[in-house]
Every structure is written in structure tokens, then in C-alpha cells.
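Novice: Dropping in input-v5.pdb, with PDB, C-alpha atoms.
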ATOM      1  CA  MET A 824      21.903  -4.126  -7.516
ATOM      2  CA  THR A 825      21.655  -7.911  -7.763
ATOM      3  CA  HIS A 826      18.144  -9.343  -7.607
ATOM      4  CA  ILE A 827      18.159 -11.388  -4.390
ATOM      5  CA  ILE A 828      14.995 -13.358  -3.602
ATOM      6  CA  THR A 829      13.695 -12.728  -0.081
ATOM      7  CA  HIS A 830      10.295 -12.619   1.646
ATOM      8  CA  GLY A 831       8.077 -10.295  -0.387
ATOM      9  CA  SER A 832      10.238 -10.198  -3.527
ATOM     10  CA  ILE A 833       8.297  -9.675  -6.749
ATOM     11  CA  LEU A 834       8.800 -12.753  -8.928
ATOM     12  CA  GLY A 835       6.614 -11.585 -11.781
ATOM     13  CA  GLY A 836       3.378 -10.306 -13.195
ATOM     14  CA  ILE A 837       0.880 -11.611 -15.733
ATOM     15  CA  VAL A 838      -0.348  -9.396 -18.571
ATOM     16  CA  THR A 839      -3.302 -10.402 -20.730
ATOM     17  CA  THR A 840      -3.218  -9.572 -24.418
ATOM     18  CA  PRO A 841      -5.586 -10.085 -27.361
ATOM     19  CA  ASP A 842      -2.641 -10.524 -29.762
ATOM     20  CA  MET A 843       0.183 -12.766 -28.545
ATOM     21  CA  ASP A 844       2.402 -12.333 -31.601
ATOM     22  CA  GLY A 845       2.023  -8.561 -31.453
ATOM     23  CA  ALA A 846       2.704  -8.501 -27.717
ATOM     24  CA  LEU A 847       5.823 -10.635 -28.132
ATOM     25  CA  PHE A 848       7.054  -8.150 -30.728
ATOM     26  CA  ASP A 849       6.439  -5.305 -28.277
ATOM     27  CA  TYR A 850       8.008  -6.937 -25.236
ATOM     28  CA  CYS A 851      10.942  -8.695 -26.925
ATOM     29  CA  VAL A 852      11.902  -6.322 -29.745
ATOM     30  CA  HIS A 853      10.987  -2.981 -28.178
ATOM     31  CA  LEU A 854      11.390  -3.621 -24.431
ATOM     32  CA  GLY A 855      14.280  -6.026 -24.973
ATOM     33  CA  LEU A 856      13.055  -8.892 -22.803
ATOM     34  CA  LYS A 857      14.035 -12.441 -23.745
ATOM     35  CA  LEU A 858      11.483 -15.160 -24.487
ATOM     36  CA  ILE A 859      12.112 -18.296 -22.433
ATOM     37  CA  GLU A 860       8.779 -20.128 -22.840
ATOM     38  CA  ASP A 861       5.959 -20.110 -25.399
ATOM     39  CA  ARG A 862       3.375 -22.826 -24.728
ATOM     40  CA  ILE A 863      -0.263 -23.319 -23.708
ATOM     41  CA  VAL A 864      -1.892 -22.824 -20.316
ATOM     42  CA  SER A 865      -2.079 -26.064 -18.364
ATOM     43  CA  ALA A 866      -5.058 -27.426 -16.451
ATOM     44  CA  GLU A 867      -3.162 -26.905 -13.198
ATOM     45  CA  GLU A 868      -2.587 -23.245 -13.982
ATOM     46  CA  SER A 869      -6.181 -22.564 -15.027
ATOM     47  CA  VAL A 870      -7.452 -24.158 -11.808
ATOM     48  CA  SER A 871      -4.925 -22.347  -9.614
ATOM     49  CA  TRP A 872      -5.908 -18.974 -11.113
ATOM     50  CA  SER A 873      -9.666 -19.743 -11.146
ATOM     51  CA  ALA A 874      -9.715 -19.150 -14.900
ATOM     52  CA  PRO A 875     -10.971 -22.281 -16.711
ATOM     53  CA  GLY A 876     -11.533 -20.268 -19.888
ATOM     54  CA  ILE A 877      -7.798 -19.852 -20.515
ATOM     55  CA  LEU A 878      -7.073 -23.600 -20.559
ATOM     56  CA  GLY A 879      -5.196 -24.355 -23.778
ATOM     57  CA  ARG A 880      -4.570 -20.691 -24.646
ATOM     58  CA  ARG A 881      -1.061 -19.372 -25.341
ATOM     59  CA  ILE A 882       1.159 -18.240 -22.484
ATOM     60  CA  ALA A 883       4.650 -16.812 -22.944
ATOM     61  CA  THR A 884       7.256 -16.209 -20.240
ATOM     62  CA  LEU A 885       9.732 -13.329 -20.571
ATOM     63  CA  GLN A 886      12.812 -12.453 -18.517
ATOM     64  CA  PRO A 887      15.100  -9.414 -18.398
ATOM     65  CA  GLN A 888      18.428  -9.719 -20.187
ATOM     66  CA  SER A 889      20.055  -9.038 -16.802
ATOM     67  CA  GLY A 890      19.012 -12.519 -15.705
ATOM     68  CA  ALA A 891      16.927 -11.205 -12.797
ATOM     69  CA  GLU A 892      14.488 -13.857 -11.548
ATOM     70  CA  CYS A 893      11.481 -11.675 -12.214
ATOM     71  CA  PHE A 894       9.267 -12.678 -15.119
ATOM     72  CA  ILE A 895       6.492 -11.129 -17.181
ATOM     73  CA  ARG A 896       4.028 -13.700 -18.476
ATOM     74  CA  LEU A 897       1.722 -12.911 -21.381
ATOM     75  CA  VAL A 898      -1.598 -14.774 -21.618
ATOM     76  CA  GLU A 899      -3.688 -14.505 -24.782
ATOM     77  CA  GLN A 900      -7.359 -13.686 -24.209
ATOM     78  CA  PRO A 901      -9.893 -11.104 -25.460
ATOM     79  CA  VAL A 902     -10.152  -7.627 -23.934
ATOM     80  CA  PRO A 903     -13.594  -6.977 -22.393
ATOM     81  CA  ALA A 904     -15.393  -4.093 -24.100
ATOM     82  CA  LYS A 905     -15.920  -2.283 -20.789
ATOM     83  CA  PHE A 906     -12.289  -2.465 -19.648
ATOM     84  CA  LYS A 907     -10.487   0.864 -19.401
ATOM     85  CA  PRO A 908      -7.061   1.122 -17.719
ATOM     86  CA  THR A 909      -6.750   2.957 -14.400
ATOM     87  CA  THR A 910     -10.482   3.011 -13.655
ATOM     88  CA  SER A 911     -11.091  -0.269 -11.788
ATOM     89  CA  PHE A 912      -9.927  -2.055  -8.666
ATOM     90  CA  GLY A 913      -7.141  -4.625  -8.732
ATOM     91  CA  TRP A 914      -3.644  -4.525 -10.187
ATOM     92  CA  ALA A 915      -3.267  -1.167 -11.907
ATOM     93  CA  ALA A 916       0.365  -1.150 -13.087
ATOM     94  CA  TYR A 917       3.798  -2.749 -12.903
ATOM     95  CA  GLU A 918       6.828  -0.510 -12.365
ATOM     96  CA  LEU A 919       9.932  -1.689 -14.234
ATOM     97  CA  SER A 920      13.485  -0.493 -13.711
ATOM     98  CA  VAL A 921      14.931   0.713 -17.045
ATOM     99  CA  GLN A 922      17.980   2.438 -18.463
ATOM    100  CA  ASP A 923      17.982   5.707 -20.432
ATOM    101  CA  VAL A 924      14.345   6.603 -19.845
ATOM    102  CA  PHE A 925      14.511   9.708 -22.077
ATOM    103  CA  GLY A 926      15.361   7.464 -25.019
ATOM    104  CA  TRP A 927      12.234   5.348 -24.608
ATOM    105  CA  PRO A 928       9.764   7.418 -26.653
ATOM    106  CA  ALA A 929      11.900   6.838 -29.758
ATOM    107  CA  ARG A 930      12.383   3.144 -28.947
ATOM    108  CA  LEU A 931       8.632   2.611 -28.689
ATOM    109  CA  GLU A 932       7.812   4.077 -32.097
ATOM    110  CA  LYS A 933       5.964   1.548 -34.282
ATOM    111  CA  SER A 934       5.237  -0.622 -31.241
ATOM    112  CA  GLY A 935       1.876  -1.498 -29.722
ATOM    113  CA  PHE A 936       2.590   0.675 -26.684
ATOM    114  CA  ASN A 937       0.885   4.029 -26.195
ATOM    115  CA  ILE A 938       2.783   6.633 -24.196
ATOM    116  CA  ILE A 939       0.438   7.950 -21.512
ATOM    117  CA  GLY A 940       3.018   9.933 -19.581
ATOM    118  CA  PRO A 941       6.320  10.914 -21.249
ATOM    119  CA  PRO A 942       9.496  10.799 -19.151
ATOM    120  CA  ARG A 943       9.893  13.757 -16.848
ATOM    121  CA  THR A 944      11.877  14.717 -13.793
ATOM    122  CA  ILE A 945       9.917  15.425 -10.630
ATOM    123  CA  PRO A 946      11.771  17.847  -8.328
ATOM    124  CA  SER A 947      10.123  16.433  -5.197
ATOM    125  CA  LEU A 948      11.071  12.864  -6.204
ATOM    126  CA  PRO A 949      14.725  12.934  -7.341
ATOM    127  CA  TYR A 950      15.125   9.185  -6.819
ATOM    128  CA  PHE A 951      13.929   8.157 -10.294
ATOM    129  CA  VAL A 952      12.593   9.494 -13.587
ATOM    130  CA  PRO A 953       9.272   7.880 -14.585
ATOM    131  CA  MET A 954       7.231   7.448 -17.720
ATOM    132  CA  GLN A 955       4.009   5.493 -18.304
ATOM    133  CA  VAL A 956       2.730   3.401 -21.201
ATOM    134  CA  THR A 957      -0.196   1.116 -21.931
ATOM    135  CA  GLY A 958      -0.007  -2.034 -24.071
ATOM    136  CA  ARG A 959      -2.253  -3.926 -26.460
ATOM    137  CA  GLY A 960      -4.207  -5.545 -23.625
ATOM    138  CA  GLY A 961      -4.724  -2.326 -21.674
ATOM    139  CA  GLU A 962      -1.896  -3.141 -19.277
ATOM    140  CA  MET A 963      -0.137  -0.193 -17.652
ATOM    141  CA  LEU A 964       3.647  -0.188 -17.311
ATOM    142  CA  TYR A 965       5.746   2.433 -15.563
ATOM    143  CA  LEU A 966       9.262   2.610 -17.025
ATOM    144  CA  ASN A 967      11.416   4.156 -14.301
ATOM    145  CA  GLU A 968      15.090   5.050 -14.472
ATOM    146  CA  VAL A 969      16.357   4.768 -10.910
ATOM    147  CA  HIS A 970      18.952   7.298  -9.750
ATOM    148  CA  GLU A 971      19.218   6.600  -6.030
ATOM    149  CA  ASN A 972      17.549   4.945  -3.053
ATOM    150  CA  THR A 973      14.819   6.753  -1.160
ATOM    151  CA  PRO A 974      15.284   7.487   2.561
ATOM    152  CA  THR A 975      13.118   4.466   3.421
ATOM    153  CA  SER A 976      13.597   1.997   0.549
ATOM    154  CA  ASP A 977      16.228   0.467  -1.742
ATOM    155  CA  LEU A 978      15.502   0.851  -5.458
ATOM    156  CA  PRO A 979      17.187  -1.407  -8.056
ATOM    157  CA  LYS A 980      19.146   0.285 -10.820
ATOM    158  CA  ALA A 981      18.598  -1.494 -14.139
ATOM    159  CA  GLU A 982      21.352  -3.873 -15.223
ATOM    160  CA  SER A 983      19.815  -4.263 -18.700
ATOM    161  CA  LEU A 984      17.784  -1.940 -20.915
ATOM    162  CA  THR A 985      14.596  -3.224 -19.265
ATOM    163  CA  ASP A 986      15.031  -4.975 -15.945
ATOM    164  CA  GLN A 987      12.853  -6.327 -13.148
ATOM    165  CA  ILE A 988       9.447  -5.286 -11.869
ATOM    166  CA  PHE A 989      10.305  -3.564  -8.592
ATOM    167  CA  ILE A 990       6.920  -2.194  -7.512
ATOM    168  CA  VAL A 991       3.378  -3.306  -8.313
ATOM    169  CA  ILE A 992       0.492  -0.862  -7.984
ATOM    170  CA  LEU A 993      -2.826  -1.922  -6.473
ATOM    171  CA  ALA A 994      -6.025   0.110  -6.847
ATOM    172  CA  THR A 995      -8.472  -0.158  -3.970
ATOM    173  CA  GLY A 996     -11.645   1.466  -2.732
ATOM    174  CA  ASN A 997     -10.622   0.950   0.918
ATOM    175  CA  LEU A 998      -6.982   1.843   1.518
ATOM    176  CA  ASP A 999      -6.902   1.159   5.249
ATOM    177  CA  SER A1000      -8.466  -2.288   4.878
ATOM    178  CA  ALA A1001      -6.065  -3.245   2.087
ATOM    179  CA  LEU A1002      -3.056  -2.110   4.107
ATOM    180  CA  GLN A1003      -4.215  -4.144   7.085
ATOM    181  CA  TRP A1004      -4.629  -7.241   4.887
ATOM    182  CA  TYR A1005      -1.091  -7.088   3.481
ATOM    183  CA  GLN A1006       0.404  -6.340   6.873
ATOM    184  CA  GLN A1007      -1.454  -9.007   8.823
ATOM    185  CA  ARG A1008      -1.993 -11.732   6.230
ATOM    186  CA  LEU A1009       1.369 -11.583   4.413
ATOM    187  CA  HIS A1010       3.512 -10.309   7.318
ATOM    188  CA  LEU A1011       4.710  -7.253   5.418
ATOM    189  CA  ASP A1012       5.527  -3.748   6.664
ATOM    190  CA  LEU A1013       3.847  -0.423   6.022
ATOM    191  CA  GLY A1014       6.024   2.261   4.474
ATOM    192  CA  ASP A1015       5.528   5.914   3.649
ATOM    193  CA  SER A1016       2.117   7.435   2.927
ATOM    194  CA  HIS A1017       1.548  10.383   0.608
ATOM    195  CA  GLU A1018      -1.189  12.552  -0.840
ATOM    196  CA  ILE A1019      -0.214  13.542  -4.370
ATOM    197  CA  ASN A1020      -1.497  15.082  -7.583
ATOM    198  CA  TYR A1021      -1.823  11.671  -9.280
ATOM    199  CA  THR A1022      -1.828  12.488 -12.984
ATOM    200  CA  MET A1023      -2.797   8.982 -14.186
ATOM    201  CA  ILE A1024      -5.868   8.805 -11.937
ATOM    202  CA  ASN A1025      -6.930  12.377 -12.678
ATOM    203  CA  LYS A1026      -6.719  11.811 -16.432
ATOM    204  CA  ALA A1027      -8.608   8.515 -16.271
ATOM    205  CA  PHE A1028     -11.515   9.950 -14.281
ATOM    206  CA  GLY A1029     -11.555  13.420 -15.807
ATOM    207  CA  PHE A1030     -10.572  15.158 -12.570
ATOM    208  CA  GLU A1031      -8.947  18.570 -12.506
ATOM    209  CA  ASP A1032      -5.170  18.659 -12.456
ATOM    210  CA  GLY A1033      -4.082  19.032  -8.853
ATOM    211  CA  THR A1034      -6.697  16.669  -7.399
ATOM    212  CA  GLN A1035      -5.022  14.801  -4.554
ATOM    213  CA  HIS A1036      -5.065  11.046  -3.971
ATOM    214  CA  ARG A1037      -3.731   8.921  -1.104
ATOM    215  CA  LEU A1038      -1.220   6.123  -1.495
ATOM    216  CA  THR A1039       0.863   4.003   0.866
ATOM    217  CA  MET A1040       3.815   1.691   0.246
ATOM    218  CA  VAL A1041       3.876  -1.889   1.495
ATOM    219  CA  GLN A1042       7.416  -3.146   2.048
ATOM    220  CA  ALA A1043       9.567  -5.855   3.653
ATOM    221  CA  GLY A1044      12.101  -3.785   5.540
ATOM    222  CA  ARG A1045      13.631  -1.524   2.878
ATOM    223  CA  LEU A1046      12.326  -3.677  -0.002
ATOM    224  CA  PRO A1047       9.446  -1.875  -1.770
ATOM    225  CA  ILE A1048       6.720  -4.227  -3.010
ATOM    226  CA  VAL A1049       3.172  -2.891  -3.370
ATOM    227  CA  GLU A1050       2.053   0.703  -3.787
ATOM    228  CA  ILE A1051      -1.596   0.774  -2.742
ATOM    229  CA  ASP A1052      -3.584   3.642  -4.233
ATOM    230  CA  ALA A1053      -6.893   4.908  -2.894
ATOM    231  CA  TYR A1054      -9.199   5.091  -5.913
ATOM    232  CA  PRO A1055     -12.195   7.454  -6.097
ATOM    233  CA  ALA A1056     -15.832   6.454  -5.662
ATOM    234  CA  ALA A1057     -16.265   6.444  -9.460
ATOM    235  CA  ALA A1058     -13.945   3.413  -9.759
ATOM    236  CA  THR A1059     -15.553   0.052 -10.551
ATOM    237  CA  GLU A1060     -14.886  -3.644 -10.189
ATOM    238  CA  ARG A1061     -12.592  -5.002 -12.915
ATOM    239  CA  PRO A1062     -14.782  -6.316 -15.786
ATOM    240  CA  VAL A1063     -13.812  -9.991 -16.123
ATOM    241  CA  GLN A1064     -15.200 -12.229 -18.847
ATOM    242  CA  ASN A1065     -16.564 -15.548 -17.651
ATOM    243  CA  GLY A1066     -13.738 -17.993 -16.979
ATOM    244  CA  MET A1067     -10.982 -15.564 -17.969
ATOM    245  CA  LEU A1068      -8.264 -13.724 -16.065
ATOM    246  CA  PRO A1069      -8.751 -10.091 -15.047
ATOM    247  CA  PRO A1070      -7.761  -8.006 -18.084
ATOM    248  CA  GLY A1071      -4.623  -5.875 -18.300
ATOM    249  CA  ASN A1072      -2.393  -6.232 -15.254
ATOM    250  CA  SER A1073      -3.830  -9.536 -14.189
ATOM    251  CA  LEU A1074      -1.850 -11.345 -11.494
ATOM    252  CA  VAL A1075       1.231 -10.704  -9.356
ATOM    253  CA  THR A1076       3.610 -13.365  -8.052
ATOM    254  CA  LEU A1077       5.462 -12.812  -4.757
ATOM    255  CA  ALA A1078       8.028 -14.862  -2.843
ATOM    256  CA  ILE A1079       6.883 -15.841   0.651
ATOM    257  CA  ASN A1080       8.864 -17.533   3.417
ATOM    258  CA  GLU A1081       6.331 -20.100   4.641
ATOM    259  CA  LEU A1082       2.916 -20.571   3.073
ATOM    260  CA  ASP A1083       1.563 -22.493   6.049
ATOM    261  CA  THR A1084       1.996 -19.440   8.314
ATOM    262  CA  LEU A1085      -0.424 -17.364   6.236
ATOM    263  CA  ASP A1086      -4.038 -16.823   7.301
ATOM    264  CA  ILE A1087      -5.517 -16.723   3.819
ATOM    265  CA  GLU A1088      -7.958 -18.688   1.679
ATOM    266  CA  TRP A1089      -6.478 -20.446  -1.342
ATOM    267  CA  ILE A1090      -8.216 -20.808  -4.687
ATOM    268  CA  ALA A1091      -6.687 -24.281  -4.797
ATOM    269  CA  ARG A1092      -4.469 -26.058  -2.299
ATOM    270  CA  PRO A1093      -0.775 -25.053  -2.739
ATOM    271  CA  ARG A1094       1.242 -27.587  -4.676
ATOM    272  CA  GLN A1095       4.824 -28.058  -5.792
ATOM    273  CA  ARG A1096       5.249 -26.854  -9.361
ATOM    274  CA  SER A1097       8.058 -26.708 -11.888
ATOM    275  CA  GLY A1098       9.055 -24.032 -14.375
ATOM    276  CA  PRO A1099      11.212 -20.882 -14.514
ATOM    277  CA  ILE A1100       9.280 -19.031 -11.809
ATOM    278  CA  TYR A1101       8.421 -21.908  -9.499
ATOM    279  CA  GLN A1102      11.595 -24.047  -9.564
ATOM    280  CA  ASP A1103       9.912 -27.025  -7.854
ATOM    281  CA  ARG A1104       8.642 -24.897  -4.964
ATOM    282  CA  ARG A1105       5.149 -24.872  -3.461
ATOM    283  CA  VAL A1106       2.778 -22.381  -5.049
ATOM    284  CA  GLY A1107      -0.732 -21.164  -4.288
ATOM    285  CA  THR A1108      -2.972 -18.313  -5.420
ATOM    286  CA  THR A1109      -5.359 -16.231  -3.349
ATOM    287  CA  ILE A1110      -7.693 -13.298  -3.969
ATOM    288  CA  GLY A1111      -6.625 -10.118  -2.211
ATOM    289  CA  PRO A1112      -8.691  -7.338  -0.606
ATOM    290  CA  ALA A1113      -9.287  -5.431  -3.867
ATOM    291  CA  GLY A1114     -10.187  -8.550  -5.837
ATOM    292  CA  GLU A1115      -6.617  -8.939  -7.118
ATOM    293  CA  LEU A1116      -5.093 -12.318  -7.981
ATOM    294  CA  LEU A1117      -1.982 -12.873  -5.882
ATOM    295  CA  GLU A1118       0.205 -15.915  -6.512
ATOM    296  CA  LEU A1119       2.590 -16.865  -3.691
ATOM    297  CA  VAL A1120       5.725 -18.991  -4.090
ATOM    298  CA  GLU A1121       7.278 -20.561  -0.996
ATOM    299  CA  ILE A1122      11.027 -19.919  -0.712
ATOM    300  CA  THR A1123      11.825 -21.591   2.638
TER     301      THR A1123
END
Rewrite the structure of this file - the entire thing - as C-alpha cells.
Specialist:
Amino acid sequence: MTHIITHGSILGGIVTTPDMDGALFDYCVHLGLKLIEDRIVSAEESVSWSAPGILGRRIATLQPQSGAECFIRLVEQPVPAKFKPTTSFGWAAYELSVQDVFGWPARLEKSGFNIIGPPRTIPSLPYFVPMQVTGRGGEMLYLNEVHENTPTSDLPKAESLTDQIFIVILATGNLDSALQWYQQRLHLDLGDSHEINYTMINKAFGFEDGTQHRLTMVQAGRLPIVEIDAYPAAATERPVQNGMLPPGNSLVTLAINELDTLDIEWIARPRQRSGPIYQDRRVGTTIGPAGELLELVEIT
């Protein structure tokens, strides 16, 4: 499935890491992504993301070998002592389309990734086979081998060993409010809702296996975009060091048809920007309903 950019398309995600060289080894050698930029964070970027503390720090841009216009950016910054994956609000994980998921445990040996959930088939979800890992910065990645589309969404089969981010997962303490925000503010559609035995959440909070949690998909037609998960009362705000980005899964970039039609507050006024992701288009960043950083790139 060719990666076509339309309203709501995921253009990328930022991951923070305490060790840029180590992370590049993990993402390029083990995941097989290609490095297309390795530079320092500009003043414009630090202002746009409301993170003055990252000015002058290293940022690397990675792209799938398939050529899909969906990029992972690594930003070097310390990990807050109180940060623990899957326990706080904001971006919780990025789901990547991959090939040969059962071969991934061996590929990730001697990498900085920790396997949290090994690959396994789920009889009730025959559409893909998932596995979950965390990286050096506490980021969570789901590596999913897609088999077929779901009844309500089109899922991209990987055209390289590791391909595009096709779903981003948002953790919230108020599911209904978050859904309303994405539907009304970004003009997106609501997809299927489920209550599931969510292994990642249950492990993180020490809940019994079988504890059910609500989630709902946000889509644009049949294009899946954001899975919004209802987190338990024990979840906390993401611990962010002064002037830094949120740790782990930090920021998501989406394509949007017309920025001026959106009823949102910008961190800084949208401006035309260059680079692999932006391609001389207007870009602005806002803070979403769960405190998440959401960067929007105008495509029309």
C-alpha cells in the first residue's frame, strides 16, 4: 500500500533519547531505518515546540527504506527520574508496520530495545500480529505485521523491514472529552470503540490480568490515525523537565488540509518551514486535550 498523504495522515513522531549515538544504532542498524538528517535543534523548532531547553541539542531524522513520507525524529535530552512508560497522559506509543514480526526478537538482540510483549497472534484480531518494545528513552513502539484490512479501516502492509507509523496511541484521563476534541477541532471521524484486556496498561499499573480498559479509534474515513486509550485514575501527568520535550513518545506530526479552518490555540503562529517533513509548507504546533504536543502540517 503506497503511503499517500491526505488529511489526517501521520507524517512522523518525535522520540526523546538520552543517548543519540546509541539510539541511532538501534533505529538504523536494528530497525533498518535510514538516517537523512543529523543536526542541532533550531531556535524556530524550540519555540514552536515550547521547549527552549533543547535549543542546540542533537536531532536526527529517520525514514523507512520504503521511502514512505513518515519520519521518526530523535531528540537528545535526559530522561526524568520519575518517567515510567505507559503510566502517564500524552503520547503512549507509535505503531509501526513491519515485516516478519516473529523474527524481530532475534533482530533486537544486543540492541537498546527491551521486548515488553513478544509477537503473538490474537484470535479475535486476525488483521495483524503485534509485539511491543521500549527504547533507551522510555519510548514505546508497537511492531505490527499487517495481514489484512479491518472491516472499518485500511492498514498498510510494510514495504520494507520497518515501515511507516500507521497509528499513534494517546493516553487520556477523559476519553469522551479527547474524542470530542479530535472530532471537532481537527475535523476527524470517530471509529470503533472497544473494551479489552489491555496487557500493557495492566502490567504498568499492576492490575490483574483480564482488567478491561476502553479505547476508541480516531480516523479520517478508513484511514486510522489515533487510538485513544482511557487510562486509570492512578495515571499521572507526564513528568517534563523544565524547558524540555515530554519524555519518550514526545510529539506527533499530522497532515491537515487547511490550518486556518482549525479552532485551536497555537504555541507559536504557523509558519512556512523547510526540511524533509515540512517541504516548504505551513506548520504549527498545539497542545491537545491530554497535554500532548501535536504538530500540524498544511497540505492544501
Novice: As a check of understanding, name the residues that the PyMOL selection byres ((chain A and resi 869) around 12) selects in the supplied structure, as a short mmCIF file (atom, residue, chain, number, x, y, z; two decimals) with C-alpha atoms, keeping the file's coordinate frame.
Specialist:
data_model
loop_
_atom_site.label_atom_id
_atom_site.label_comp_id
_atom_site.auth_asym_id
_atom_site.auth_seq_id
_atom_site.Cartn_x
_atom_site.Cartn_y
_atom_site.Cartn_z
CA ILE A 863 -0.26 -23.32 -23.71
CA VAL A 864 -1.89 -22.82 -20.32
CA SER A 865 -2.08 -26.06 -18.36
CA ALA A 866 -5.06 -27.43 -16.45
CA GLU A 867 -3.16 -26.90 -13.20
CA GLU A 868 -2.59 -23.24 -13.98
CA VAL A 870 -7.45 -24.16 -11.81
CA SER A 871 -4.92 -22.35 -9.61
CA TRP A 872 -5.91 -18.97 -11.11
CA SER A 873 -9.67 -19.74 -11.15
CA ALA A 874 -9.72 -19.15 -14.90
CA PRO A 875 -10.97 -22.28 -16.71
CA GLY A 876 -11.53 -20.27 -19.89
CA ILE A 877 -7.80 -19.85 -20.52
CA LEU A 878 -7.07 -23.60 -20.56
CA GLY A 879 -5.20 -24.36 -23.78
CA ARG A 880 -4.57 -20.69 -24.65
CA ARG A 881 -1.06 -19.37 -25.34
CA ILE A 882 1.16 -18.24 -22.48
CA VAL A 898 -1.60 -14.77 -21.62
CA GLY A 1066 -13.74 -17.99 -16.98
CA MET A 1067 -10.98 -15.56 -17.97
CA LEU A 1068 -8.26 -13.72 -16.07
CA ILE A 1090 -8.22 -20.81 -4.69
CA ALA A 1091 -6.69 -24.28 -4.80
CA THR A 1108 -2.97 -18.31 -5.42
#
Novice: For CA of Ala1057 in chain A and CA of Pro901 in chain A, determine how far apart the two atoms are, in Å to one decimal place.
Specialist: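 It comes out at 24.6 Å.
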Novice: Apply the PyMOL selection byres ((chain A and resi 829-832) around 12) to the displayed file and report the matching residues as an NGL selection string.
Specialist: :A and (826-828 or 833-836 or 891-894 or 987-991 or 1005-1006 or 1009-1012 or 1041-1049 or 1075-1082 or 1117-1123)
Novice: Could you save those same residues with C-alpha atoms as a PDB file, keeping the file's coordinate frame?
Specialist:
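The resulting part_8.pdb:
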ATOM      1  CA  HIS A 826      18.144  -9.343  -7.607  1.00  0.00           C
ATOM      2  CA  ILE A 827      18.159 -11.388  -4.390  1.00  0.00           C
ATOM      3  CA  ILE A 828      14.995 -13.358  -3.602  1.00  0.00           C
ATOM      4  CA  ILE A 833       8.297  -9.675  -6.749  1.00  0.00           C
ATOM      5  CA  LEU A 834       8.800 -12.753  -8.928  1.00  0.00           C
ATOM      6  CA  GLY A 835       6.614 -11.585 -11.781  1.00  0.00           C
ATOM      7  CA  GLY A 836       3.378 -10.306 -13.195  1.00  0.00           C
ATOM      8  CA  ALA A 891      16.927 -11.205 -12.797  1.00  0.00           C
ATOM      9  CA  GLU A 892      14.488 -13.857 -11.548  1.00  0.00           C
ATOM     10  CA  CYS A 893      11.481 -11.675 -12.214  1.00  0.00           C
ATOM     11  CA  PHE A 894       9.267 -12.678 -15.119  1.00  0.00           C
ATOM     12  CA  GLN A 987      12.853  -6.327 -13.148  1.00  0.00           C
ATOM     13  CA  ILE A 988       9.447  -5.286 -11.869  1.00  0.00           C
ATOM     14  CA  PHE A 989      10.305  -3.564  -8.592  1.00  0.00           C
ATOM     15  CA  ILE A 990       6.920  -2.194  -7.512  1.00  0.00           C
ATOM     16  CA  VAL A 991       3.378  -3.306  -8.313  1.00  0.00           C
ATOM     17  CA  TYR A1005      -1.091  -7.088   3.481  1.00  0.00           C
ATOM     18  CA  GLN A1006       0.404  -6.340   6.873  1.00  0.00           C
ATOM     19  CA  LEU A1009       1.369 -11.583   4.413  1.00  0.00           C
ATOM     20  CA  HIS A1010       3.512 -10.309   7.318  1.00  0.00           C
ATOM     21  CA  LEU A1011       4.710  -7.253   5.418  1.00  0.00           C
ATOM     22  CA  ASP A1012       5.527  -3.748   6.664  1.00  0.00           C
ATOM     23  CA  VAL A1041       3.876  -1.889   1.495  1.00  0.00           C
ATOM     24  CA  GLN A1042       7.416  -3.146   2.048  1.00  0.00           C
ATOM     25  CA  ALA A1043       9.567  -5.855   3.653  1.00  0.00           C
ATOM     26  CA  GLY A1044      12.101  -3.785   5.540  1.00  0.00           C
ATOM     27  CA  ARG A1045      13.631  -1.524   2.878  1.00  0.00           C
ATOM     28  CA  LEU A1046      12.326  -3.677  -0.002  1.00  0.00           C
ATOM     29  CA  PRO A1047       9.446  -1.875  -1.770  1.00  0.00           C
ATOM     30  CA  ILE A1048       6.720  -4.227  -3.010  1.00  0.00           C
ATOM     31  CA  VAL A1049       3.172  -2.891  -3.370  1.00  0.00           C
ATOM     32  CA  VAL A1075       1.231 -10.704  -9.356  1.00  0.00           C
ATOM     33  CA  THR A1076       3.610 -13.365  -8.052  1.00  0.00           C
ATOM     34  CA  LEU A1077       5.462 -12.812  -4.757  1.00  0.00           C
ATOM     35  CA  ALA A1078       8.028 -14.862  -2.843  1.00  0.00           C
ATOM     36  CA  ILE A1079       6.883 -15.841   0.651  1.00  0.00           C
ATOM     37  CA  ASN A1080       8.864 -17.533   3.417  1.00  0.00           C
ATOM     38  CA  GLU A1081       6.331 -20.100   4.641  1.00  0.00           C
ATOM     39  CA  LEU A1082       2.916 -20.571   3.073  1.00  0.00           C
ATOM     40  CA  LEU A1117      -1.982 -12.873  -5.882  1.00  0.00           C
ATOM     41  CA  GLU A1118       0.205 -15.915  -6.512  1.00  0.00           C
ATOM     42  CA  LEU A1119       2.590 -16.865  -3.691  1.00  0.00           C
ATOM     43  CA  VAL A1120       5.725 -18.991  -4.090  1.00  0.00           C
ATOM     44  CA  GLU A1121       7.278 -20.561  -0.996  1.00  0.00           C
ATOM     45  CA  ILE A1122      11.027 -19.919  -0.712  1.00  0.00           C
ATOM     46  CA  THR A1123      11.825 -21.591   2.638  1.00  0.00           C
TER      47      THR A1123
END
Novice: Measure the distance from CA of Leu966 in chain A to CA of Met954 in chain A in Å and round it to one decimal.
Specialist: 5.3 Å
Novice: Listing only residues of range 839-892 of chain A within 8 Å of range 930-951 of chain A, what is the closest atom pair and its distance in Å (to one decimal) for each, using only C-alpha atoms, sorted by chain and residue number ascending, as JSON lines?
Specialist:
{"residue": "A:Gly845", "atom": "CA", "partner": "A:Gly935", "partner_atom": "CA", "distance": 7.3}
{"residue": "A:Ala846", "atom": "CA", "partner": "A:Gly935", "partner_atom": "CA", "distance": 7.3}
{"residue": "A:Phe848", "atom": "CA", "partner": "A:Ser934", "partner_atom": "CA", "distance": 7.8}
{"residue": "A:Asp849", "atom": "CA", "partner": "A:Ser934", "partner_atom": "CA", "distance": 5.7}
{"residue": "A:His853", "atom": "CA", "partner": "A:Leu931", "partner_atom": "CA", "distance": 6.1}
Novice: So how many Å separate CA of Lys907 in chain A and CA of Gly961 in chain A, to one decimal?
Specialist: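 A separation of 7.0 Å between them.
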Novice: Counting all atoms listed in the file, which residue out of A:Ile837, A:Val1106, A:Leu897, A:Ala981 sits closest to Arg1094 in chain A?
Specialist: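 The answer is A:Val1106, which sits nearest to Arg1094 in chain A.
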Novice: Near Glu899 in chain A, counting all atoms listed in the file, which residues have an atom at most 6 Å away, once you skip same-chain residues fewer than 5 positions from it, shown as a ChimeraX atom specification?
Specialist: /A:839-841,843,881
